[in-house]
Amino acid sequence: MAELIVTLFEGVSLGGTYALIALGIIIIFRATHTFNFAHGEFMLLAAYLVAKWQTEWHVPVLLTTAVGLAVVAAVGWLLFRIVLQRIVGASTFVGVIATLGFAAMADGIMSIIFGPGEYNITYSFLPSGSWVWDGAHVSKEMVVLAIVDLVVAGAAAAYISYTRVGARVRAAGQDALLASQGAINVHRIYAGSWAVGCALAGFAGIVYGASNVVSTDITSLGLVAFPAILLGGLDSIGGSIVGGIIVGMVQAFTATYLGGQWIDVTAYSLLLVVILLKPSGLFGTETVVRV
Amino acid sequence: MKQDVIPASNVSDPAAGRTELRRRLVLAVGALLVAAYLLWTIETGSSYTLYILNSILLAIMGSAALNMLQGTAGLISIGNAAFLCVGAFTTVVSLRAGLGYPFDLIAALVTGALLGGLVGLPALRIRGFYLAFATLAAQFIFTQLAQTYETHEVGSSGFVVPLQFLGQTLAGQQRSWAFVLTGFAVVTLILVRLLSTCRLGRAWRLIRDHETIAPSLGIPVARYKVVAFMISSALISMEGALAAHLSGYVTSDSFTLAVAISYLAMVMIGGQDSILGSVIGAIVVIGLPYLTQNVMSGIAGSSQYAPQFSEVLYGALIVIFILYSPGGIAGWLHKGFNLILRERPGAAASTARLD
């Protein structure tokens with residue numbers, strides 16, 4: 001029983017991280033039809049910046065968090081303005097290759113700047129210790145961070161779904177020409193989506209770094225969110241949160257009952273099953289064409 | 001985007017036909033020169049030079065296979081490291097089961113094709129870029145299975161593969177391998193060339209450029225895509241098996257996503273849908289780390305971050321080529337040929353006027 005409770009909480013915590021990552025990727029994909037394979041690199045960049053400033057320069061952690069998020073958003077904005085703006089309208093193929101190339105560049109640069117070591121992020125105002133419930137020890141810090149993750153993801157999803165700005169993002173992604181005739185500055189919306197998507201990635205990276213350690217493993221965490229995206233539906237804003245939590249749960253139960261080395265195998269097996277049975281995912285638009 | 005990749009050999013125009021003939025002549029002379037240089041390097045090279053040469057020859061196999069998949073059939077795979085892993089571990093399992101060299105290579109070829117079919121089948125029935133996700137899944141699943149097998153059998157130290165050509169010196173072994181691998185690379189290139197110029201290859205290009213039209217011309221799109229992926233997976237798997245024999249050592253840690261992306265770089269830098277491009281791409285990407293190392297120790301006196309710098313370089317090259325020059329270096333050469341070798345109708349007239 002105790003094991004089950006701990007596993008459930010770990011699943012929600014991991015699921016919150018995946019929901020944030022998936023949401024960022026989907027916002028960018030909805031707006032610009034570029035599927036960002038370099039999302040994990042944005043997570044790692046934000047986590048590295050916050051951790052390095054905190055441990056080496058002793059800057060207050062909330063300030064570094066804000067600056068770190070701003071930097072990551074700016075990098076995403078610049079990546080779109082300088083590089084990816086040229087391929088808007090080209091096939092998805094081109095975006096996948098371009099972001100993979102950018103991922104290789106970012107990996108190399110970050111490895112030169114930050115070295116191979118591990119860093120820590122400490123939010124001292126978070127509660128320490130753990131709640132004991134029926135013999136189960138649940139870390140207070142983990143629960144609070146999971147709630148923060150889910151609240152931010154929920155707020156971002158609601159913003160895209162229900163506000164005028166969100167409607168503009170969806171309109172610009174659906175039909176750029178019609179949207180621009182409706183007085184929407186399409187390129188500004190696209191660049192803004194990149195900034196917001198990357199900031200969400202950075203937030204996920206920082207929060208994950210605060211409850212674990214900051215190392216290059218974070219980039220592969222960005223890739224493990226892909227099963228969550230396909231499960232929720234490639235273009236579904238709300239699906240990203242549901243998909244994220246399901247994949248987080250699957251991984252937590254795998255880690256507890258099968259062993260930690262199998263978590264990526266089960267997540268990706270789930271991805272293959274989704275592609276086989278329901279390629280549009282649980283909540284995605286049925287645009288899939290079988291050949 | 002893809003138009004400038006396809007050679008525009010317009011046979012009905014005699015001038016263009018003659019340009020094409022000259023282009024082929026220049027290519028043939030170039031190939032002869034390269035062959036002579038290759039032979040000279042194999043005969044006189046040190047074991048270090050020969051090791052780099054062998055790495056390039058191996059990479060040419062994978063690069064050509066991926067170029068066929070990505071350039072000709074228009075499918076993105078990031079599972080190249082996964083299928084190298086499949087090949088290397090098939091060799092390990094075959095050797096441990098008593099199936100010796102070179103029969104384990106055939107086992108690797110068959111396993112690669114079968115697992116390629118297994119991974120590709122669900123994704124390739126759907127239009128779009130789902131193969132990228134399925135191959136990413138293959139990357140994580142296959143390497144994890146390989147790692148589990150490895151820790152279970154021998155611990156994390158990895159498997160030792162008995163070396164071939166044992167009676168010779170280190171350079172002698174590499175030299176013998178260079179001859180063997182040249183054979184494999186040439187056969188792969190010829191196979192890919194034949195496949196991509198026959199009916200199958202033309203169908204792949206039609207699927208790549210106009211997937212909605214292909215079925216109306218009687219092309220079974222899903223089947224042709226699966227065939228492309230199975231062939232390329234089989235070839236990459238065999239490359240993995242050969243690499244295991246060459247290095248004499250197999251560990252699951254070496255098959256990373258970065259390796260998969262480096263093969264993508266070979267295709268993008270060399271040029272999509274081009275045999276020449278796959279060769280150029282393999283030379284550039286395999287040579288890049290050695291080049292940065294030499295340049296950095298020459299300029300800065302230290303080559304501390306050379307691997308990272310070469311990763312940044314090929315990442316940047318992928319981005320630059322996909323944005324500005326999807327035909328790759330082979331595309332430049334093709335344009336250059338056309339500029340230099342084409343007949344200028346104005347040229348004869350202007351000389352006459354000068355006289």
# chains A, B, ... in the order shown; residues from 1 in each chain; ligands from 1
$ residues_around --residues "B:Ser247" --least-positions-apart "5" --cutoff "9 Å" --atoms "only C-alpha atoms" --output "PyMOL selection string"
chain B and resi 161+163+242
$ interface_residues --of "chain B" --to "chain A" --cutoff "7 Å" --atoms "only C-alpha atoms" --output "list of chain:residue names"
B:Ile76, B:Pro122, B:Ala123, B:Arg125, B:Ile126, B:Arg127, B:Phe129, B:Ala134, B:Ala137, B:Phe140, B:Ile141, B:Val221, B:Ala222, B:Tyr305, B:Gln308, B:Phe309, B:Glu311, B:Val312, B:Gly315, B:Ala316, B:Ile318, B:Val319, B:Ile322
$ select_by_dssp --residues "stretch 88-303 of chain B" --states "strand (DSSP E)" --output "number ranges by chain"
B: 159-160, 249-250
$ residues_around --residues "A:Arg81" --least-positions-apart "2" --cutoff "10 Å" --atoms "only C-alpha atoms" --output "MDAnalysis selection string"
chainID A and resid 75:79 83:86 187:188 190:191 194
$ write_last_selection --atoms "N, CA, C and O atoms" --output "compact mmCIF listing (two decimals), in the first residue's frame"
# COMPACT_ATOMS: atom_id res chain seq x y z
N VAL A 75 16.11 32.93 -26.62
CA VAL A 75 16.80 32.02 -27.55
C VAL A 75 15.79 31.39 -28.51
O VAL A 75 16.03 31.30 -29.72
N GLY A 76 14.62 30.98 -27.97
CA GLY A 76 13.59 30.40 -28.82
C GLY A 76 13.09 31.41 -29.85
O GLY A 76 12.93 31.09 -31.03
N TRP A 77 12.89 32.65 -29.40
CA TRP A 77 12.43 33.72 -30.29
C TRP A 77 13.44 33.94 -31.40
O TRP A 77 13.10 34.02 -32.59
N LEU A 78 14.75 34.03 -31.02
CA LEU A 78 15.80 34.25 -32.01
C LEU A 78 15.91 33.08 -32.98
O LEU A 78 16.10 33.28 -34.19
N LEU A 79 15.81 31.84 -32.43
CA LEU A 79 15.89 30.66 -33.31
C LEU A 79 14.84 30.74 -34.39
O LEU A 79 15.09 30.48 -35.56
N VAL A 83 16.31 31.49 -38.03
CA VAL A 83 16.40 30.24 -38.79
C VAL A 83 15.04 29.76 -39.28
O VAL A 83 14.79 29.65 -40.48
N LEU A 84 14.13 29.49 -38.32
CA LEU A 84 12.97 28.69 -38.68
C LEU A 84 11.89 29.48 -39.41
O LEU A 84 11.00 28.91 -40.03
N GLN A 85 11.98 30.82 -39.37
CA GLN A 85 11.01 31.63 -40.09
C GLN A 85 11.05 31.32 -41.59
O GLN A 85 10.04 31.40 -42.28
N ARG A 86 12.26 30.92 -42.07
CA ARG A 86 12.41 30.63 -43.49
C ARG A 86 11.69 29.37 -43.92
O ARG A 86 11.46 29.17 -45.10
N HIS A 187 3.67 36.63 -38.17
CA HIS A 187 5.05 36.31 -37.80
C HIS A 187 5.32 36.63 -36.34
O HIS A 187 6.08 35.93 -35.68
N ARG A 188 4.66 37.71 -35.82
CA ARG A 188 4.85 38.01 -34.40
C ARG A 188 4.22 36.90 -33.55
O ARG A 188 4.79 36.48 -32.54
N TYR A 190 3.86 33.77 -34.44
CA TYR A 190 4.73 32.59 -34.52
C TYR A 190 5.92 32.73 -33.57
O TYR A 190 6.23 31.81 -32.81
N ALA A 191 6.61 33.88 -33.65
CA ALA A 191 7.80 34.07 -32.81
C ALA A 191 7.40 34.03 -31.34
O ALA A 191 8.11 33.47 -30.50
N TRP A 194 7.00 30.53 -30.18
CA TRP A 194 8.30 29.91 -29.89
C TRP A 194 8.80 30.36 -28.53
O TRP A 194 9.30 29.56 -27.75
$ residues_around --residues "A:Ala74" --least-positions-apart "6" --cutoff "12 Å" --atoms "only C-alpha atoms" --output "PyMOL selection string"
chain A and resi 42+45-46+67-68+80-82+191-199+202
$ atom_distance --atom1 "atom CA of B:Tyr314" --atom2 "atom CA of B:Leu57"
18.9 Å
$ atom_distance --atom1 "atom CA of A:Asn120" --atom2 "atom CA of A:Val214"
5.9 Å
$ atom_distance --atom1 "atom CA of B:Ala64" --atom2 "atom CA of B:Leu291"
22.6 Å
$ residues_around --residues "B:Ala138" --least-positions-apart "4" --cutoff "9 Å" --atoms "only C-alpha atoms" --output "PDB file with N, CA and C atoms, in the first residue's frame"
ATOM      1  N   TYR A 268       8.221   4.282 -24.643  1.00  0.00           N
ATOM      2  CA  TYR A 268       8.298   4.230 -26.103  1.00  0.00           C
ATOM      3  C   TYR A 268       7.506   3.081 -26.698  1.00  0.00           C
ATOM      4  N   SER A 269       7.329   1.980 -25.928  1.00  0.00           N
ATOM      5  CA  SER A 269       6.444   0.920 -26.410  1.00  0.00           C
ATOM      6  C   SER A 269       5.024   1.461 -26.514  1.00  0.00           C
TER       7      SER A 269
ATOM      8  N   ILE B  78      15.525   8.633 -37.417  1.00  0.00           N
ATOM      9  CA  ILE B  78      16.614   8.970 -36.505  1.00  0.00           C
ATOM     10  C   ILE B  78      16.982   7.730 -35.716  1.00  0.00           C
ATOM     11  N   GLY B  79      16.814   6.563 -36.373  1.00  0.00           N
ATOM     12  CA  GLY B  79      17.108   5.307 -35.692  1.00  0.00           C
ATOM     13  C   GLY B  79      18.359   4.628 -36.217  1.00  0.00           C
ATOM     14  N   ALA B  82      20.309   2.944 -33.588  1.00  0.00           N
ATOM     15  CA  ALA B  82      19.593   1.756 -33.117  1.00  0.00           C
ATOM     16  C   ALA B  82      19.885   0.570 -34.022  1.00  0.00           C
ATOM     17  N   PHE B  83      19.918   0.794 -35.342  1.00  0.00           N
ATOM     18  CA  PHE B  83      20.147  -0.341 -36.237  1.00  0.00           C
ATOM     19  C   PHE B  83      21.624  -0.722 -36.313  1.00  0.00           C
ATOM     20  N   VAL B 119       9.440  -2.157 -36.769  1.00  0.00           N
ATOM     21  CA  VAL B 119       9.338  -0.776 -36.286  1.00  0.00           C
ATOM     22  C   VAL B 119       8.618   0.108 -37.298  1.00  0.00           C
ATOM     23  N   PHE B 133       9.185   9.389 -35.078  1.00  0.00           N
ATOM     24  CA  PHE B 133       8.853   8.975 -33.710  1.00  0.00           C
ATOM     25  C   PHE B 133       9.135   7.494 -33.509  1.00  0.00           C
ATOM     26  N   ALA B 134       8.729   6.667 -34.505  1.00  0.00           N
ATOM     27  CA  ALA B 134       8.903   5.215 -34.354  1.00  0.00           C
ATOM     28  C   ALA B 134      10.385   4.866 -34.254  1.00  0.00           C
ATOM     29  N   PHE B 142      15.854  -0.524 -28.402  1.00  0.00           N
ATOM     30  CA  PHE B 142      16.911  -1.456 -28.786  1.00  0.00           C
ATOM     31  C   PHE B 142      18.162  -1.276 -27.930  1.00  0.00           C
ATOM     32  N   THR B 143      18.562  -0.009 -27.684  1.00  0.00           N
ATOM     33  CA  THR B 143      19.788   0.164 -26.902  1.00  0.00           C
ATOM     34  C   THR B 143      19.584  -0.323 -25.466  1.00  0.00           C
TER      35      THR B 143
END
$ residues_around --residues "B:Gly331" --least-positions-apart "3" --cutoff "7 Å" --atoms "only C-alpha atoms" --output "VMD selection string"
chain B and resid 5 271 327 to 328 334 to 335
$ residues_around --residues "A:Tyr123" --least-positions-apart "4" --cutoff "12 Å" --atoms "only C-alpha atoms" --output "MDAnalysis selection string"
chainID A and resid 50:51 54:55 60:65 127:128 141:142 144:145 206:207 209:211
$ select_by_dssp --residues "stretch 17-203 of chain A" --states "helix (DSSP H, G or I)" --output "PyMOL selection string"
chain A and resi 17-32+39-57+61-82+84-87+92-114+140-162+164-174+176-181+186-203
$ closest_residue --among "A:Tyr162, A:Trp133, A:Phe29, A:Trp53" --to "A:Glu3" --atoms "only C-alpha atoms"
A:Trp133
$ decode --residues "stretch 225-240 of chain A" --atoms "all heavy atoms" --output "PDB file, in the first residue's frame"
ATOM      1  N   ALA A 225       9.051  12.929 -23.519  1.00  0.00           N
ATOM      2  CA  ALA A 225       7.717  13.529 -23.531  1.00  0.00           C
ATOM      3  C   ALA A 225       6.981  13.234 -24.840  1.00  0.00           C
ATOM      4  O   ALA A 225       5.773  13.415 -24.917  1.00  0.00           O
ATOM      5  CB  ALA A 225       7.818  15.033 -23.317  1.00  0.00           C
ATOM      6  N   PHE A 226       7.709  12.756 -25.872  1.00  0.00           N
ATOM      7  CA  PHE A 226       7.048  12.489 -27.161  1.00  0.00           C
ATOM      8  C   PHE A 226       5.924  11.462 -27.056  1.00  0.00           C
ATOM      9  O   PHE A 226       4.873  11.649 -27.673  1.00  0.00           O
ATOM     10  CB  PHE A 226       8.080  12.060 -28.222  1.00  0.00           C
ATOM     11  CG  PHE A 226       8.969  13.187 -28.685  1.00  0.00           C
ATOM     12  CD1 PHE A 226       8.945  14.424 -28.057  1.00  0.00           C
ATOM     13  CD2 PHE A 226       9.827  13.034 -29.751  1.00  0.00           C
ATOM     14  CE1 PHE A 226       9.755  15.459 -28.469  1.00  0.00           C
ATOM     15  CE2 PHE A 226      10.639  14.067 -30.180  1.00  0.00           C
ATOM     16  CZ  PHE A 226      10.599  15.273 -29.537  1.00  0.00           C
ATOM     17  N   PRO A 227       6.114  10.349 -26.302  1.00  0.00           N
ATOM     18  CA  PRO A 227       4.971   9.434 -26.129  1.00  0.00           C
ATOM     19  C   PRO A 227       3.752  10.145 -25.547  1.00  0.00           C
ATOM     20  O   PRO A 227       2.628   9.886 -25.990  1.00  0.00           O
ATOM     21  CB  PRO A 227       5.512   8.386 -25.152  1.00  0.00           C
ATOM     22  CG  PRO A 227       6.966   8.379 -25.368  1.00  0.00           C
ATOM     23  CD  PRO A 227       7.338   9.786 -25.728  1.00  0.00           C
ATOM     24  N   ALA A 228       3.969  11.072 -24.595  1.00  0.00           N
ATOM     25  CA  ALA A 228       2.849  11.817 -24.011  1.00  0.00           C
ATOM     26  C   ALA A 228       2.145  12.649 -25.075  1.00  0.00           C
ATOM     27  O   ALA A 228       0.914  12.723 -25.122  1.00  0.00           O
ATOM     28  CB  ALA A 228       3.351  12.707 -22.883  1.00  0.00           C
ATOM     29  N   ILE A 229       2.939  13.266 -25.966  1.00  0.00           N
ATOM     30  CA  ILE A 229       2.356  14.113 -27.016  1.00  0.00           C
ATOM     31  C   ILE A 229       1.509  13.282 -27.969  1.00  0.00           C
ATOM     32  O   ILE A 229       0.380  13.641 -28.295  1.00  0.00           O
ATOM     33  CB  ILE A 229       3.480  14.836 -27.784  1.00  0.00           C
ATOM     34  CG1 ILE A 229       4.181  15.814 -26.863  1.00  0.00           C
ATOM     35  CG2 ILE A 229       2.934  15.536 -29.008  1.00  0.00           C
ATOM     36  CD1 ILE A 229       5.431  16.389 -27.438  1.00  0.00           C
ATOM     37  N   LEU A 230       2.056  12.130 -28.413  1.00  0.00           N
ATOM     38  CA  LEU A 230       1.301  11.309 -29.358  1.00  0.00           C
ATOM     39  C   LEU A 230       0.077  10.697 -28.700  1.00  0.00           C
ATOM     40  O   LEU A 230      -0.975  10.553 -29.321  1.00  0.00           O
ATOM     41  CB  LEU A 230       2.193  10.213 -29.932  1.00  0.00           C
ATOM     42  CG  LEU A 230       3.147  10.705 -31.011  1.00  0.00           C
ATOM     43  CD1 LEU A 230       4.012   9.584 -31.523  1.00  0.00           C
ATOM     44  CD2 LEU A 230       2.366  11.317 -32.165  1.00  0.00           C
ATOM     45  N   LEU A 231       0.191  10.356 -27.405  1.00  0.00           N
ATOM     46  CA  LEU A 231      -0.946   9.771 -26.702  1.00  0.00           C
ATOM     47  C   LEU A 231      -2.068  10.797 -26.566  1.00  0.00           C
ATOM     48  O   LEU A 231      -3.237  10.499 -26.817  1.00  0.00           O
ATOM     49  CB  LEU A 231      -0.508   9.277 -25.318  1.00  0.00           C
ATOM     50  CG  LEU A 231      -1.570   8.594 -24.471  1.00  0.00           C
ATOM     51  CD1 LEU A 231      -2.020   7.311 -25.150  1.00  0.00           C
ATOM     52  CD2 LEU A 231      -1.024   8.274 -23.086  1.00  0.00           C
ATOM     53  N   GLY A 232      -1.720  12.027 -26.202  1.00  0.00           N
ATOM     54  CA  GLY A 232      -2.738  13.059 -26.044  1.00  0.00           C
ATOM     55  C   GLY A 232      -3.275  13.540 -27.377  1.00  0.00           C
ATOM     56  O   GLY A 232      -4.391  14.032 -27.470  1.00  0.00           O
ATOM     57  N   GLY A 233      -2.476  13.420 -28.425  1.00  0.00           N
ATOM     58  CA  GLY A 233      -2.854  13.930 -29.740  1.00  0.00           C
ATOM     59  C   GLY A 233      -1.884  15.019 -30.145  1.00  0.00           C
ATOM     60  O   GLY A 233      -1.672  15.962 -29.382  1.00  0.00           O
ATOM     61  N   LEU A 234      -1.316  14.890 -31.379  1.00  0.00           N
ATOM     62  CA  LEU A 234      -0.256  15.797 -31.824  1.00  0.00           C
ATOM     63  C   LEU A 234      -0.638  17.271 -31.734  1.00  0.00           C
ATOM     64  O   LEU A 234       0.217  18.120 -31.559  1.00  0.00           O
ATOM     65  CB  LEU A 234       0.079  15.478 -33.276  1.00  0.00           C
ATOM     66  CG  LEU A 234       1.376  14.747 -33.565  1.00  0.00           C
ATOM     67  CD1 LEU A 234       1.543  14.545 -35.046  1.00  0.00           C
ATOM     68  CD2 LEU A 234       2.552  15.512 -32.999  1.00  0.00           C
ATOM     69  N   ASP A 235      -1.927  17.583 -31.877  1.00  0.00           N
ATOM     70  CA  ASP A 235      -2.306  18.993 -31.933  1.00  0.00           C
ATOM     71  C   ASP A 235      -3.280  19.360 -30.817  1.00  0.00           C
ATOM     72  O   ASP A 235      -3.957  20.375 -30.899  1.00  0.00           O
ATOM     73  CB  ASP A 235      -2.911  19.325 -33.295  1.00  0.00           C
ATOM     74  CG  ASP A 235      -4.089  18.427 -33.612  1.00  0.00           C
ATOM     75  OD1 ASP A 235      -4.346  17.502 -32.831  1.00  0.00           O
ATOM     76  OD2 ASP A 235      -4.754  18.649 -34.632  1.00  0.00           O
ATOM     77  N   SER A 236      -3.351  18.535 -29.776  1.00  0.00           N
ATOM     78  CA  SER A 236      -4.349  18.785 -28.747  1.00  0.00           C
ATOM     79  C   SER A 236      -3.729  19.452 -27.519  1.00  0.00           C
ATOM     80  O   SER A 236      -2.852  18.876 -26.865  1.00  0.00           O
ATOM     81  CB  SER A 236      -5.015  17.475 -28.342  1.00  0.00           C
ATOM     82  OG  SER A 236      -5.739  17.663 -27.159  1.00  0.00           O
ATOM     83  N   ILE A 237      -4.192  20.681 -27.215  1.00  0.00           N
ATOM     84  CA  ILE A 237      -3.664  21.426 -26.081  1.00  0.00           C
ATOM     85  C   ILE A 237      -3.980  20.697 -24.764  1.00  0.00           C
ATOM     86  O   ILE A 237      -3.105  20.424 -23.955  1.00  0.00           O
ATOM     87  CB  ILE A 237      -4.276  22.847 -26.043  1.00  0.00           C
ATOM     88  CG1 ILE A 237      -3.993  23.589 -27.352  1.00  0.00           C
ATOM     89  CG2 ILE A 237      -3.790  23.618 -24.836  1.00  0.00           C
ATOM     90  CD1 ILE A 237      -2.630  24.148 -27.492  1.00  0.00           C
ATOM     91  N   GLY A 238      -5.265  20.367 -24.576  1.00  0.00           N
ATOM     92  CA  GLY A 238      -5.653  19.686 -23.339  1.00  0.00           C
ATOM     93  C   GLY A 238      -5.103  18.272 -23.264  1.00  0.00           C
ATOM     94  O   GLY A 238      -4.760  17.777 -22.189  1.00  0.00           O
ATOM     95  N   GLY A 239      -4.985  17.628 -24.445  1.00  0.00           N
ATOM     96  CA  GLY A 239      -4.468  16.263 -24.492  1.00  0.00           C
ATOM     97  C   GLY A 239      -3.064  16.153 -23.940  1.00  0.00           C
ATOM     98  O   GLY A 239      -2.681  15.116 -23.395  1.00  0.00           O
ATOM     99  N   SER A 240      -2.281  17.262 -24.068  1.00  0.00           N
ATOM    100  CA  SER A 240      -0.902  17.196 -23.595  1.00  0.00           C
ATOM    101  C   SER A 240      -0.856  16.923 -22.101  1.00  0.00           C
ATOM    102  O   SER A 240       0.002  16.192 -21.610  1.00  0.00           O
ATOM    103  CB  SER A 240      -0.181  18.502 -23.916  1.00  0.00           C
ATOM    104  OG  SER A 240      -0.769  19.558 -23.195  1.00  0.00           O
TER     105      SER A 240
END
